[in-house]
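K.L.:
Pasting a structure here, questions to come.
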Amino acid sequence: MLNVHPGLPSFDYILPGSLAEASAFLAQHKDDARPFMGGTDIFVRMRDGFGDYRYLVDVKKLDGMDAIHFDPLEGLTLGAAVDMNRVISSDAIRDHYPLLVEATSKVASYQLRSRATIAGNICNGSPAGDTIGACLLLDASLKVHGLQGFRIEPLDSFFLGPGQTKLGPGDILTAIKLQAPAEGMVGRYIKLGRNQASDLAIVGVTAVGYPDRDRPSGYRIRLALASVAPVPLLVDEVETYLSGEPVTEERIAGAARIAQEACSPISDVRAGARYREMMVRNLSQQALYSVWKSLEAAH
Amino acid sequence: MANHTITLKINGELERLEVASNLTLLGMLRQKLTLTGTKNGCHAGECGACTVLMNGEPVNSCLVLAAECDGADIVTVEGLAQIGRLDPVQEAVKDAGGVQCGFCTPGVLISAHALLERSPDPSEEEIKDALVGNLCRCTGYFRIIDGIKQAANL
C-alpha cells in the first residue's frame, strides 16, 4: 500500500569508520540494518512504506570505494561508491568500456546520477537495472567485504530473484571488476521507456560482440535482457546460435526470436507482458544488427 | 532516533545544525533554514523541483540525508542572485518567458547553472539532456531551453 508523505520514516543513520566495523554492525543487526550508497532506490522505497530499516549504514566513504583504476591486462576496478556521472565522464571507462558509458547514461537524470552508483544498481537487484546487462556482458565480478573479509563473487550467478542477491548479513559490495575488454569489442544498449528519458526500462537490451576466429561465425556475440525476467537475463542461447554459422540478417532475426522465447515478462504499471515480449524481439533485432554491422565495418 | 551535528556551507555561509537521521537535505533547507526556494514535487528523485548543487553537482535534495552533508558545499536558488540583481541565467530564462507558475524554476536554474559550468556552449540536445530530471507542467520547455541558450551566448 502506498504511503506517500513528504518525509522518510524514522531510522538511525550510521557512519562506520572502517569496512570491518561496517560488516560487523550489519551482521549484528542483520534483520533491521541495510547498507546504502546514493540512496536513490532505498529512500524511495522507504518513503512508500516498503523497507522497514532501523539502521541505514553509509558505506560510501570507506576504504577504496571511491577509486577508478584501469590496467590494460587486469581490466577495470570500479569502486562501489563511484557515482554514475563520474563513470560516464571517466576517460578510462570511455576509452575501454564505451558500452558501460552508454548504459549508465540512460539511467534517470543528471542529478540522480550524481548520487546513484552502478554498485547500488547491482545490489538493488532489480531486473530493470540499466547498467547490469553491460556488467554481465563485460564479465563483471564483485569484490565483497563480509565477516570473513574479502571475497570475489561472479556477477552472472549473483541474482536470485527480483530484488534478491547473494549478499548476506554483513556483506558490502566494495568494487566491481571488469575484465580487460576483448580486442575489437563493440556494444549497444537499447532502452525502451514510456518516454525518451528518465523512466525505468520497460525492456532493456544489451548486446556485445567481438571478433573470435575460434568460432565458425568469426564473432562472439552476446545478449542480455532487462525487465523481462525475475533477474537480469543473460541469453546464452543467442550466443550459441550466432557462433555456429556466418552471421546474416536472417540469423539476426532468428536470434531475436530466440531472445523472445527466452524471456518471461510480467505485466505491470509500465507495460503488458505481451508487449514486452514483442519489444524484446524488435529491440534485440536492432541491437544485434547494430553490433554486427559495427563489427563488419571494422574489418 | 539519533541526531547528528553537521557543519556545512550553504550559499557561501557556514552553518552548524543538529539534524535527525531521517531529515532530508530538502527538509533541512526548507524547515530549518527557511530556504523555501527549493521545492518538494515528488520526494522520489523524479521531478527535480528539489534540485540543489552539492559540492558543485546537481542532486535531488529529497534523496540526500542532511546527516550526509557534513562538510558539504550547498548552493540553492537563493544563492544564485547577487544583492539586488538576478544572475545571468535567471535573467535569461525570465526574459525568454520560461517561467509560468515558477514551481520548477529553482530546480531548472540549478541544473542550468551546472550545465553551463561544465559545458559553456551547449547544443540544444545537451540542454535537453541536462534538463531530463526537471519536469515542467506549464511551459512545454521551449522557452526554458531558449533562455538557457541565451544565457550561454552571453
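Scheme for the C-alpha cells: letters A, B, ... for chains in order shown; per-chain residue numbers from 1; ligand numbers from 1 in order shown.
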Please identify all residues of chain A having at least one atom at most 12 Å from any atom of chain B, considering only C-alpha atoms, and return them as a ChimeraX atom specification.
P.N.:
/A:4-15,36-48,53-61,83,85-86,89,105-116,195-200
K.L.:
Can you pull out every residue within 9 Å of Asn282 (chain A), counting only C-alpha atoms, but drop anything in the same chain fewer than 4 positions away, and send it as a list in words?
P.N.:
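My reading of the contact set: Ala253, Ala256, Arg257, Gln260, Glu277, Met278, Gln286 and Ala287 of chain A.
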K.L.:
I want to know what sits within 9 Å of Ala103 (chain A), based on only C-alpha atoms, with residues of the same chain fewer than 4 positions away left out; could you give that as a compact mmCIF listing (two decimals) with N, CA and C atoms, in the first residue's frame?
P.N.:
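Below is the file that was written, selection.txt:
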# COMPACT_ATOMS: atom_id res chain seq x y z
N PRO A 98 33.04 1.68 -23.59
CA PRO A 98 32.00 2.62 -24.01
C PRO A 98 30.58 2.07 -23.81
N LEU A 99 30.42 0.76 -23.85
CA LEU A 99 29.09 0.19 -23.60
C LEU A 99 28.61 0.52 -22.19
N VAL A 107 20.41 6.02 -17.43
CA VAL A 107 19.76 5.96 -16.12
C VAL A 107 19.20 7.33 -15.76
N ASP A 130 19.56 -0.71 -15.53
CA ASP A 130 20.11 -0.41 -16.86
C ASP A 130 21.55 -0.84 -17.03
N THR A 131 22.32 -0.76 -15.94
CA THR A 131 23.76 -1.00 -16.08
C THR A 131 24.13 -2.47 -15.93
N ILE A 132 23.18 -3.28 -15.50
CA ILE A 132 23.54 -4.65 -15.14
C ILE A 132 23.87 -5.49 -16.38
N GLY A 133 23.09 -5.31 -17.46
CA GLY A 133 23.36 -6.06 -18.69
C GLY A 133 24.78 -5.84 -19.19
N ALA A 134 25.19 -4.57 -19.19
CA ALA A 134 26.56 -4.25 -19.63
C ALA A 134 27.58 -4.94 -18.72
N ARG A 188 26.10 -2.30 -27.53
CA ARG A 188 24.96 -1.41 -27.74
C ARG A 188 23.97 -1.66 -26.62
N TYR A 189 23.40 -0.57 -26.07
CA TYR A 189 22.31 -0.72 -25.09
C TYR A 189 21.11 0.04 -25.61
N ILE A 190 19.99 -0.65 -25.76
CA ILE A 190 18.75 -0.01 -26.17
C ILE A 190 17.75 -0.10 -25.02
N LYS A 191 17.22 1.06 -24.65
CA LYS A 191 16.29 1.10 -23.52
C LYS A 191 14.95 1.60 -24.01
N THR A 206 20.89 -5.29 -24.04
CA THR A 206 22.33 -5.03 -24.15
C THR A 206 22.94 -6.10 -25.03
K.L.:
Compile the contact shell of Leu233 (chain A) as a PyMOL selection string: residues with an atom at most 12 Å away, counting only C-alpha atoms, same-chain residues fewer than 3 positions apart removed.
P.N.:
chain A and resi 125-130+132-137+155-162+203-207+222-230+236-238+259-260+262-265+280
K.L.:
Generate the output file for the selected residues, N, CA and C atoms, as a compact mmCIF listing (two decimals), in the first residue's frame.
P.N.:
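In the end it all went to out_26.txt:
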# COMPACT_ATOMS: atom_id res chain seq x y z
N GLY A 125 19.34 -5.21 -7.17
CA GLY A 125 18.88 -6.48 -7.72
C GLY A 125 17.59 -6.41 -8.52
N SER A 126 17.30 -5.23 -9.07
CA SER A 126 16.11 -5.16 -9.91
C SER A 126 16.46 -5.66 -11.30
N PRO A 127 15.60 -6.51 -11.87
CA PRO A 127 15.87 -6.94 -13.25
C PRO A 127 15.86 -5.80 -14.25
N ALA A 128 15.33 -4.64 -13.82
CA ALA A 128 15.26 -3.48 -14.71
C ALA A 128 16.54 -2.65 -14.72
N GLY A 129 17.51 -3.00 -13.91
CA GLY A 129 18.72 -2.19 -13.80
C GLY A 129 19.38 -1.98 -15.15
N ASP A 130 19.56 -0.71 -15.53
CA ASP A 130 20.11 -0.41 -16.86
C ASP A 130 21.55 -0.84 -17.03
N ILE A 132 23.18 -3.28 -15.50
CA ILE A 132 23.54 -4.65 -15.14
C ILE A 132 23.87 -5.49 -16.38
N GLY A 133 23.09 -5.31 -17.46
CA GLY A 133 23.36 -6.06 -18.69
C GLY A 133 24.78 -5.84 -19.19
N ALA A 134 25.19 -4.57 -19.19
CA ALA A 134 26.56 -4.25 -19.63
C ALA A 134 27.58 -4.94 -18.72
N CYS A 135 27.36 -4.89 -17.43
CA CYS A 135 28.29 -5.53 -16.50
C CYS A 135 28.35 -7.04 -16.74
N LEU A 136 27.19 -7.64 -16.98
CA LEU A 136 27.18 -9.09 -17.25
C LEU A 136 27.97 -9.41 -18.51
N LEU A 137 27.75 -8.63 -19.56
CA LEU A 137 28.41 -8.92 -20.83
C LEU A 137 29.88 -8.54 -20.82
N LEU A 155 29.36 -12.04 -11.26
CA LEU A 155 28.07 -11.38 -11.39
C LEU A 155 27.02 -12.30 -11.99
N ASP A 156 27.45 -13.23 -12.85
CA ASP A 156 26.44 -13.99 -13.59
C ASP A 156 25.67 -15.00 -12.74
N SER A 157 26.07 -15.19 -11.50
CA SER A 157 25.28 -16.05 -10.61
C SER A 157 24.83 -15.30 -9.36
N PHE A 158 24.87 -13.98 -9.45
CA PHE A 158 24.68 -13.14 -8.27
C PHE A 158 23.20 -12.91 -7.94
N PHE A 159 22.35 -12.98 -8.97
CA PHE A 159 20.94 -12.60 -8.77
C PHE A 159 20.09 -13.84 -8.55
N LEU A 160 19.27 -13.80 -7.49
CA LEU A 160 18.48 -14.98 -7.12
C LEU A 160 16.99 -14.79 -7.43
N GLY A 161 16.58 -13.57 -7.58
CA GLY A 161 15.17 -13.26 -7.82
C GLY A 161 15.02 -11.76 -7.80
N PRO A 162 13.81 -11.25 -8.03
CA PRO A 162 13.64 -9.79 -8.04
C PRO A 162 14.05 -9.19 -6.70
N VAL A 203 11.71 -2.44 -21.36
CA VAL A 203 12.58 -3.50 -21.84
C VAL A 203 13.95 -2.89 -22.03
N GLY A 204 14.99 -3.59 -21.62
CA GLY A 204 16.37 -3.13 -21.87
C GLY A 204 17.13 -4.23 -22.57
N VAL A 205 17.78 -3.88 -23.68
CA VAL A 205 18.53 -4.89 -24.43
C VAL A 205 19.99 -4.46 -24.53
N THR A 206 20.89 -5.29 -24.04
CA THR A 206 22.33 -5.03 -24.15
C THR A 206 22.94 -6.10 -25.03
N ALA A 207 23.74 -5.66 -26.00
CA ALA A 207 24.42 -6.63 -26.88
C ALA A 207 25.90 -6.26 -26.97
N ARG A 222 26.89 -11.62 -27.86
CA ARG A 222 26.14 -11.99 -26.65
C ARG A 222 25.02 -10.98 -26.37
N LEU A 223 24.01 -11.44 -25.63
CA LEU A 223 22.84 -10.61 -25.39
C LEU A 223 22.38 -10.72 -23.95
N ALA A 224 22.00 -9.60 -23.36
CA ALA A 224 21.40 -9.61 -22.02
C ALA A 224 20.13 -8.78 -22.04
N LEU A 225 19.15 -9.19 -21.27
CA LEU A 225 17.85 -8.52 -21.27
C LEU A 225 17.49 -8.00 -19.88
N ALA A 226 16.94 -6.79 -19.85
CA ALA A 226 16.49 -6.20 -18.59
C ALA A 226 14.97 -6.09 -18.59
N SER A 227 14.40 -6.28 -17.43
CA SER A 227 12.97 -6.05 -17.17
C SER A 227 12.02 -7.11 -17.72
N VAL A 228 12.56 -8.24 -18.18
CA VAL A 228 11.67 -9.23 -18.78
C VAL A 228 11.83 -10.62 -18.19
N ALA A 229 12.35 -10.67 -16.97
CA ALA A 229 12.54 -11.93 -16.27
C ALA A 229 12.69 -11.59 -14.80
N PRO A 230 12.64 -12.58 -13.91
CA PRO A 230 12.82 -12.27 -12.49
C PRO A 230 14.20 -11.69 -12.16
N ASP A 236 22.14 -17.07 -23.11
CA ASP A 236 23.26 -17.85 -23.68
C ASP A 236 22.92 -18.46 -25.04
N GLU A 237 21.63 -18.77 -25.23
CA GLU A 237 21.25 -19.41 -26.49
C GLU A 237 21.52 -18.51 -27.70
N VAL A 238 21.44 -17.22 -27.49
CA VAL A 238 21.73 -16.28 -28.59
C VAL A 238 23.20 -16.38 -28.97
N ALA A 259 15.64 -14.76 -28.34
CA ALA A 259 15.57 -13.87 -27.18
C ALA A 259 14.12 -13.75 -26.71
N GLN A 260 13.20 -13.64 -27.66
CA GLN A 260 11.78 -13.54 -27.31
C GLN A 260 11.31 -14.80 -26.57
N ALA A 262 13.15 -16.71 -24.79
CA ALA A 262 13.87 -16.87 -23.52
C ALA A 262 13.30 -16.00 -22.41
N CYS A 263 12.59 -14.93 -22.78
CA CYS A 263 12.18 -14.01 -21.73
C CYS A 263 10.84 -14.42 -21.12
N SER A 264 10.55 -13.94 -19.95
CA SER A 264 9.30 -14.28 -19.26
C SER A 264 8.79 -13.02 -18.53
N PRO A 265 8.36 -12.02 -19.32
CA PRO A 265 7.98 -10.76 -18.68
C PRO A 265 6.64 -10.84 -17.96
N VAL A 280 11.04 -7.21 -26.93
CA VAL A 280 12.29 -7.95 -26.79
C VAL A 280 12.77 -8.38 -28.17
K.L.:
Write out as a PyMOL selection string which residues come within 7 Å of Ala151 (chain B) when counting only C-alpha atoms, dropping same-chain ones fewer than 2 positions away.
P.N.:
chain B and resi 88-89+92+147-149+153-154
K.L.:
Mind checking DSSP for region 190-268 of chain A and telling me the strand (DSSP E) residues as a PyMOL selection string?
P.N.:
chain A and resi 190-192+203-211+219-226+233-234
K.L.:
Rank nothing, just name the residue among B:Leu135, B:Ile144, B:Leu35, B:Ile10 nearest to Ala49 (chain B), using only C-alpha atoms.
P.N.:
B:Leu135
K.L.:
Find, counting only C-alpha atoms, the residue in A:Asn124, A:Gln148, A:Ser294, A:Ser284 that gets nearest to Lys166 (chain A).
P.N.:
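Under the stated criterion, the closest residue is A:Asn124.
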K.L.:
One number please: CA of Arg30 (chain B) to CA of Val75 (chain B), in Å, one decimal.
P.N.:
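Between CA of Arg30 (chain B) and CA of Val75 (chain B) the gap is 13.3 Å.
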K.L.:
Please, what distance in Å, to one decimal, runs between CA of Gln285 (chain A) and CA of Ala255 (chain A)?
P.N.:
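Straight-line distance from CA of Gln285 (chain A) to CA of Ala255 (chain A) works out to 7.5 Å.
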K.L.:
Compare B:Glu15, B:Glu126, B:Asp146, B:Asp87 by their minimum atom-to-atom distance to Asp73 (chain B), counting only C-alpha atoms, and give me the closest one.
P.N.:
B:Glu15
K.L.:
Restricting the calculation to only C-alpha atoms, which member of B:Leu8, B:Ile110, B:Cys104, B:Val93 is positioned closest to Ile145 (chain B)?
P.N.:
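Going through B:Leu8, B:Ile110, B:Cys104, B:Val93 one by one, the smallest distance to Ile145 (chain B) is for B:Val93.
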K.L.:
Please give the complete set of residues from region 59-261 of chain A that DSSP, run on the backbone, assigns to helix (DSSP H, G or I), formatted as a ChimeraX atom specification.
P.N.:
/A:84-89,91-96,98-105,110-113,118-124,132-137,155-157,236-244,249-261
K.L.:
Which neighbours of region 136-143 of chain B fall inside 7 Å, counting only C-alpha atoms, when residues of the same chain fewer than 4 positions from it are skipped, and could you give them as a PyMOL selection string?
P.N.:
chain B and resi 96-98+100-101+104+147
K.L.:
Please save C-alpha atoms of the selected residues as a tab-separated table (two decimals), in the first residue's frame.
P.N.:
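Generated output (selection-v9.tsv):
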chain	number	residue	atom	x	y	z
B	96	ALA	CA	12.61	34.23	-22.58
B	97	GLY	CA	9.26	33.62	-20.90
B	98	GLY	CA	10.45	30.37	-19.34
B	100	GLN	CA	4.86	30.39	-15.59
B	101	CYS	CA	3.90	29.02	-12.21
B	104	CYS	CA	10.03	24.00	-11.41
B	147	GLY	CA	16.54	31.10	-22.08
K.L.:
Rounded to one decimal, what separation in Å do you get between CA of His29 (chain A) and CA of Gly17 (chain A)?
P.N.:
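Between these atoms lies a distance of 16.9 Å.
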